[in-house]
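The structure appears below as C-alpha cells.
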Amino acid sequence: MTSLLTRRRTRIDELGGRSLTADALARLRRNPVAIVGAVIIGLFVLISIFAPLIAPHDAAAVFPELQRTLRPDSIPGSMPGFPLGSDQNGRDFFSRLILASRQTLIVGVLATLIGLVFGVLIGALAGAFGGWVDTVLMRVTDVLLSIPSLLLAISIAALAARPSQTTVIIAVALVNVPIFARLLRGAMLAQRDSDHVLAATSLGVKRNAIVVRHMLPNALGPVIVQATLTLATSILDAAALSFLGLGDGDPARAEWGLMLANAQSYLDVRPALAFYPAVAIILVALGFTLLGEAMREAIDPKGRR
Amino acid sequence: MLRFIVRRLIQVVPTLLLLSVLLFAWLRSLPGGPAAALLGDKATPEKIAELNTVLGLDQPIPLQYIRFLGRAVTGDFGNSLITGQPVLVEIGRALPATIELAIAALLLSVLLGIPLGYLAARYRGRPLDTTTVIGTLVGVAVPVFFLGYLLKQWFAVDLGWFPPSGRQAVDIDATHVTGFAVLDGLITREFDASWDALVHLVLPAIALATIPLAVIVRITRASVLDVMGSDFVRTANSKGLAPGTVRRRHVLRNALLPVSTTIGLQTGLLLAGAVLTEKVFVWGGLGTLLAQAIERRDYPRLQAVVLLGALVYVLVNLLVDLSYAIIDPRVRVR
C-alpha cells in the first residue's frame, strides 16, 4: 500500500504540484499520535514475523519439569530456561505469548482483508451502477448493519460444528463486509456527480475505465482509514468469540484472545497468565486505533491548512 | 407526526423479514445442518436423519421457512433445545435483567460521558483534555470480559466491596412484581432488597458502560469543538452575551444532536456487550441465555435472541430519529 501511495506522490511531484495524498501523508508524519500508533504496529508485526526465532520453545510443547511444579493453588513463575514460567498446562508461557502474536495478526488481517475485498466489491457495484443493483445490495447491507456486530459474529461462528480459526475469521470478516460496502458506496456516489467524472465521460472514456481508474482510487481514502480501525475491532471481536467458546479449538496454536479467555479461571492463582495476553491485545488494538484516527484526521478536508 | 411514526414502523417490517430469511438460510447452510452440529462428535448419518425428522428439517427449505414465519408471527419461536420450554417464555423471563443492566450502563455512560466530553472540549489541549482523550482510546481497546474479571477480582474478591456475581443475595426474599429487581423493591417497599440489587448492579454496569462511555465522550468533545468554532457562536459572543449563556443555550444545545444519535447506536453495543458481561457476572439475562445457546448449539433460542436483539436495536434507533424532532426544531417531521 505504501509503495502505491509513494508512487502516486512522486508522479504528481514531477508535475510540480502536491497531491492530496502527499498532503495527507505529510500531515500524518507530523502527528505524534500517528507515530506512536505506527511504532506499536511495527513492533507487533516484527515480533510476529520473527516469532519462531524469538520463542525458545514450541507453542504446544508440554514440559514435564514445568508440569511437575503445577499445583491447584500455584503455577510456577520464572524458571531457568522459561523466562515467564509455565502456563496452566505446563507449556512455556513466554514462547506461547510470542508465537500468539502471529496468530492474532493472521486473524485480524485476514478478517479485515476479506471483509474489505467483499465490501469494496459490493459497494463499488452499488455505487457505480445505481438503480436496482444499488437498491438490492444496500437493502441487504442495511439489514446486516441492523444487527449488533458481535451478535452477528456470534450467530455466524455458532453455526460451525467445531469452532476453528477459519470460522472465527469468516465470522468477523462477514461482520466487516457491510461496513466497507456502505462506506465505499457513499464515496462512489459522491464521485459519480463530480466534475472529473463528468470530464472523463465527455472525453468518451469507457464506463468500466471510469469506475476502475477514476472513481475507485479517489474513493479509497476513507476505506483505508476504516480498514486500520477495523483491524483493532476484528482482533477484539475474535477475542470475544474465544471467550464465548467459539474460538480456535486447536491447542497447538497459541492466540492471545484464547490465552486470555482460558486464563480467567486462574486469576487467583497466577494473574500474569491473563495480564500479559490482555496487555498485548490492548496495545495492538490501541496501535491500530491511534494510527486509524490520525489517518482520518489527515485526510479530513477540514484539517487542511 | 403520527403518520411519520407509522411510516417508519412499516419500514421496519421488510428489514426484519429479510433478517429472518438470512438467519434462516444460515442455519440451514451448515455442512450437515444443525443436527450435525447438535450431535457433535456423536453424529452418524442415521442419527442425523432421525433428528432431522424430529426437528422437521427433512422438509423442503422454503416450506420450513414459511412454517417458521407463520409460527413466529403468532409469537411462537419454537422450544429451547436445552430446557424444552418455549423460547419466548424464556426470553420474557430473562429480559428484565438485561434491560436493568443496560439502563444502568447507559445512564452511567451518558451522565458521565456528556459532562466529561464537554469539559475536555472546553479545556482543549490542557491536561484534563489529554487524559480524557487517552482514556477513551484505551477504553475501547480493553476487551469487555477482561475488564469485567478485573473489576470482579479487585472490588469483589480482594476488597469485598461488592458482590462478585448474581443479581441479588440469596438470603434476600424479594417479592417479584415487574422482574426489575431495583424497581420491585421500591414498589413493595422492601428497600433492603432494592439496595441489594443496586449494589449487585455496580460492577457489571461499570464493565458494560466502558465502551459506550468512551464513544460518548469522544463524540461530545468533537461535537462541542465543532460548534464552538461556528459563526453563530462567534456572533453570540461578540454581541456580548454572558459566556455561560452562550455555552448553555448555543453550544451545548447544538452539540448534543450528534450525541443523541450515538446514544441510539450504543444500544447495539450494549446488547452485544451484555453477552460478555453477563457471562462474567453470572447475571442470568438475555446474554446468559445466548451464551448457553451457543455452548449447547440451541438454534431456536439463538435465532430468537438475535432477532429480538435486532428488533430492539432498530426500534431504539427509530426512537432516536423521532427525538430529533423534539431536540432540533430545524427537523420538521414530514
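Ordered as shown in the C-alpha cells, chains take letters A, B, and onward, while each chain numbers its residues from 1 and ligands are numbered from 1 in the order shown.
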
Checklist line | Exercise answer, chain A residues close to chain B, 9 Å and only C-alpha atoms, as a PyMOL selection string | finding: chain A and resi 139-140+142-144+146-152+154-156+158-162+232-233+236-237+239-240+243-246+260-261+264+267-268+274+278-279+281-286+289-290

Next item on the list: Please identify all polymer residues within 12 Å of stretch 115-132 of chain B, counting only C-alpha atoms, omitting same-chain residues fewer than 3 positions from it, and present them as a ChimeraX atom specification.
Entry: /A:33 /B:108-112,135-139,213-229,243,247-248,251-253,255-256,259

Next item on the list: Skip A:Ile41 itself and residues of its chain fewer than 2 positions away, then list as a VMD selection string all residues within 8 Å of it, counting only C-alpha atoms.
Entry: chain A and resid 37 to 39 43 to 45 284 287 to 288

Check: So which one's closest to B:Ser80, B:Ala304, B:Ile99, B:Ala236, B:Ala274? Using only C-alpha atoms, please.
Finding: B:Ala304

Next item on the list: Have a look at atom CA of A:Thr230 and atom CA of A:Thr112 and let me know their distance in Å, one decimal.
Entry: 6.3 Å

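Coordinates place atom CA of B:Pro96 at a distance of 12.8 Å from atom CA of B:Ala197.
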
Next item on the list: Run DSSP on the backbone and grab whatever in stretch 102-277 of chain A lands in alpha helix (DSSP H); send it over as number ranges by chain.
Entry: A: 102-129, 131-145, 149-157, 165-192, 195-202, 207-209, 216-243, 256-263, 272-277

Emit the selected residues as a CSV table (one decimal), in the first residue's frame, including C-alpha atoms.
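Final file, again39.csv:
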chain,number,residue,atom,x,y,z
A,102,ARG,CA,1.4,-14.3,14.7
A,103,GLN,CA,-2.0,-16.0,15.1
A,104,THR,CA,-3.6,-12.8,16.3
A,105,LEU,CA,-2.1,-10.9,13.4
A,106,ILE,CA,-3.3,-13.5,10.9
A,107,VAL,CA,-6.9,-13.4,12.3
A,108,GLY,CA,-7.0,-9.6,12.4
A,109,VAL,CA,-5.5,-9.1,9.0
A,110,LEU,CA,-7.5,-11.9,7.2
A,111,ALA,CA,-10.8,-10.9,8.8
A,112,THR,CA,-10.3,-7.3,7.8
A,113,LEU,CA,-9.0,-8.1,4.3
A,114,ILE,CA,-11.8,-10.5,3.4
A,115,GLY,CA,-14.3,-8.0,4.7
A,116,LEU,CA,-12.7,-5.2,2.8
A,117,VAL,CA,-12.5,-7.1,-0.5
A,118,PHE,CA,-16.1,-8.2,-0.5
A,119,GLY,CA,-17.3,-4.9,1.0
A,120,VAL,CA,-15.4,-2.9,-1.6
A,121,LEU,CA,-16.8,-5.1,-4.4
A,122,ILE,CA,-20.4,-4.7,-3.2
A,123,GLY,CA,-20.0,-1.0,-2.5
A,124,ALA,CA,-18.4,-0.4,-5.9
A,125,LEU,CA,-21.1,-2.3,-7.7
A,126,ALA,CA,-23.8,-0.4,-5.9
A,127,GLY,CA,-22.2,3.0,-6.1
A,128,ALA,CA,-21.1,2.7,-9.7
A,129,PHE,CA,-24.3,1.4,-11.2
A,131,GLY,CA,-30.6,1.6,-9.9
A,132,TRP,CA,-32.0,-1.7,-8.8
A,133,VAL,CA,-28.5,-3.2,-8.2
A,134,ASP,CA,-27.9,-0.4,-5.7
A,135,THR,CA,-31.3,-0.9,-4.0
A,136,VAL,CA,-31.0,-4.6,-3.6
A,137,LEU,CA,-27.3,-4.6,-2.4
A,138,MET,CA,-28.0,-1.8,0.1
A,139,ARG,CA,-31.1,-3.3,1.5
A,140,VAL,CA,-29.2,-6.4,2.4
A,141,THR,CA,-26.3,-4.3,3.8
A,142,ASP,CA,-28.7,-2.3,5.9
A,143,VAL,CA,-30.2,-5.4,7.4
A,144,LEU,CA,-26.8,-6.8,8.3
A,145,LEU,CA,-25.9,-3.4,9.8
A,149,SER,CA,-21.9,-6.6,15.2
A,150,LEU,CA,-20.9,-9.0,18.0
A,151,LEU,CA,-24.3,-10.7,17.9
A,152,LEU,CA,-23.9,-11.2,14.2
A,153,ALA,CA,-20.4,-12.6,14.6
A,154,ILE,CA,-21.7,-14.9,17.3
A,155,SER,CA,-24.6,-16.3,15.2
A,156,ILE,CA,-22.2,-17.0,12.3
A,157,ALA,CA,-19.5,-18.6,14.4
A,165,GLN,CA,-9.5,-20.4,13.3
A,166,THR,CA,-11.3,-20.4,9.9
A,167,THR,CA,-14.7,-20.0,11.5
A,168,VAL,CA,-13.5,-17.1,13.6
A,169,ILE,CA,-12.0,-15.3,10.6
A,170,ILE,CA,-15.2,-15.9,8.5
A,171,ALA,CA,-17.5,-14.7,11.3
A,172,VAL,CA,-15.5,-11.5,11.9
A,173,ALA,CA,-15.0,-10.9,8.2
A,174,LEU,CA,-18.7,-11.1,7.4
A,175,VAL,CA,-19.4,-8.5,10.1
A,176,ASN,CA,-16.9,-6.2,8.4
A,177,VAL,CA,-18.4,-6.6,4.9
A,178,PRO,CA,-21.5,-4.3,5.2
A,179,ILE,CA,-19.3,-1.6,6.9
A,180,PHE,CA,-17.0,-1.4,4.0
A,181,ALA,CA,-19.8,-1.7,1.4
A,182,ARG,CA,-21.7,1.2,2.9
A,183,LEU,CA,-18.6,3.4,3.2
A,184,LEU,CA,-17.4,2.8,-0.4
A,185,ARG,CA,-20.9,3.2,-1.9
A,186,GLY,CA,-21.2,6.6,-0.3
A,187,ALA,CA,-17.8,7.7,-1.5
A,188,MET,CA,-18.6,6.4,-5.0
A,189,LEU,CA,-21.9,8.2,-5.2
A,190,ALA,CA,-20.1,11.4,-4.3
A,191,GLN,CA,-17.6,10.7,-7.1
A,192,ARG,CA,-20.3,10.0,-9.7
A,195,ASP,CA,-16.6,17.2,-12.3
A,196,HIS,CA,-13.7,15.0,-13.1
A,197,VAL,CA,-16.0,12.0,-13.8
A,198,LEU,CA,-18.1,14.3,-16.0
A,199,ALA,CA,-15.0,15.3,-17.8
A,200,ALA,CA,-13.9,11.7,-18.3
A,201,THR,CA,-17.4,10.8,-19.6
A,202,SER,CA,-17.3,13.7,-22.0
A,207,ARG,CA,-17.7,3.3,-18.3
A,208,ASN,CA,-15.6,0.5,-16.8
A,209,ALA,CA,-12.5,2.5,-17.1
A,216,LEU,CA,-12.3,3.8,-7.2
A,217,PRO,CA,-8.9,5.4,-6.4
A,218,ASN,CA,-10.5,8.6,-5.3
A,219,ALA,CA,-13.0,6.8,-3.0
A,220,LEU,CA,-10.4,4.6,-1.3
A,221,GLY,CA,-9.1,7.0,1.3
A,222,PRO,CA,-11.9,6.6,3.9
A,223,VAL,CA,-11.8,2.8,3.2
A,224,ILE,CA,-8.1,2.6,4.1
A,225,VAL,CA,-8.8,4.6,7.3
A,226,GLN,CA,-11.7,2.3,8.2
A,227,ALA,CA,-9.5,-0.8,7.5
A,228,THR,CA,-7.0,0.4,10.0
A,229,LEU,CA,-9.7,0.9,12.6
A,230,THR,CA,-11.3,-2.4,11.7
A,231,LEU,CA,-8.1,-4.3,12.4
A,232,ALA,CA,-8.4,-3.2,16.0
A,233,THR,CA,-12.1,-4.2,16.3
A,234,SER,CA,-11.5,-7.5,14.5
A,235,ILE,CA,-8.8,-8.5,17.0
A,236,LEU,CA,-11.2,-7.6,19.9
A,237,ASP,CA,-14.1,-9.4,18.3
A,238,ALA,CA,-12.0,-12.5,17.8
A,239,ALA,CA,-11.0,-12.3,21.5
A,240,ALA,CA,-14.7,-12.1,22.5
A,241,LEU,CA,-15.6,-15.1,20.4
A,242,SER,CA,-12.8,-17.0,22.1
A,243,PHE,CA,-14.2,-16.0,25.5
A,256,TRP,CA,-3.9,-14.0,22.7
A,257,GLY,CA,-7.7,-14.0,22.8
A,258,LEU,CA,-7.9,-17.6,23.6
A,259,MET,CA,-5.0,-17.5,26.1
A,260,LEU,CA,-6.8,-14.6,27.9
A,261,ALA,CA,-10.1,-16.5,27.9
A,262,ASN,CA,-8.6,-19.6,29.2
A,263,ALA,CA,-6.6,-17.8,31.9
A,272,ALA,CA,0.1,-12.9,34.9
A,273,LEU,CA,-1.4,-15.6,32.6
A,274,ALA,CA,-4.3,-13.2,31.9
A,275,PHE,CA,-2.4,-10.0,32.2
A,276,TYR,CA,0.2,-10.4,29.5
A,277,PRO,CA,-2.1,-11.5,26.7

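Near B:Leu151, within 8 Å and counting only C-alpha atoms, sit Ala156, Leu203 and Ala207 of chain B; same-chain residues fewer than 5 positions away were not included.
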
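Distances here use only C-alpha atoms; by that measure, the residue among B:Val282, B:Ile211, B:Ile5, B:Val21 closest to B:Val320 is B:Ile5.
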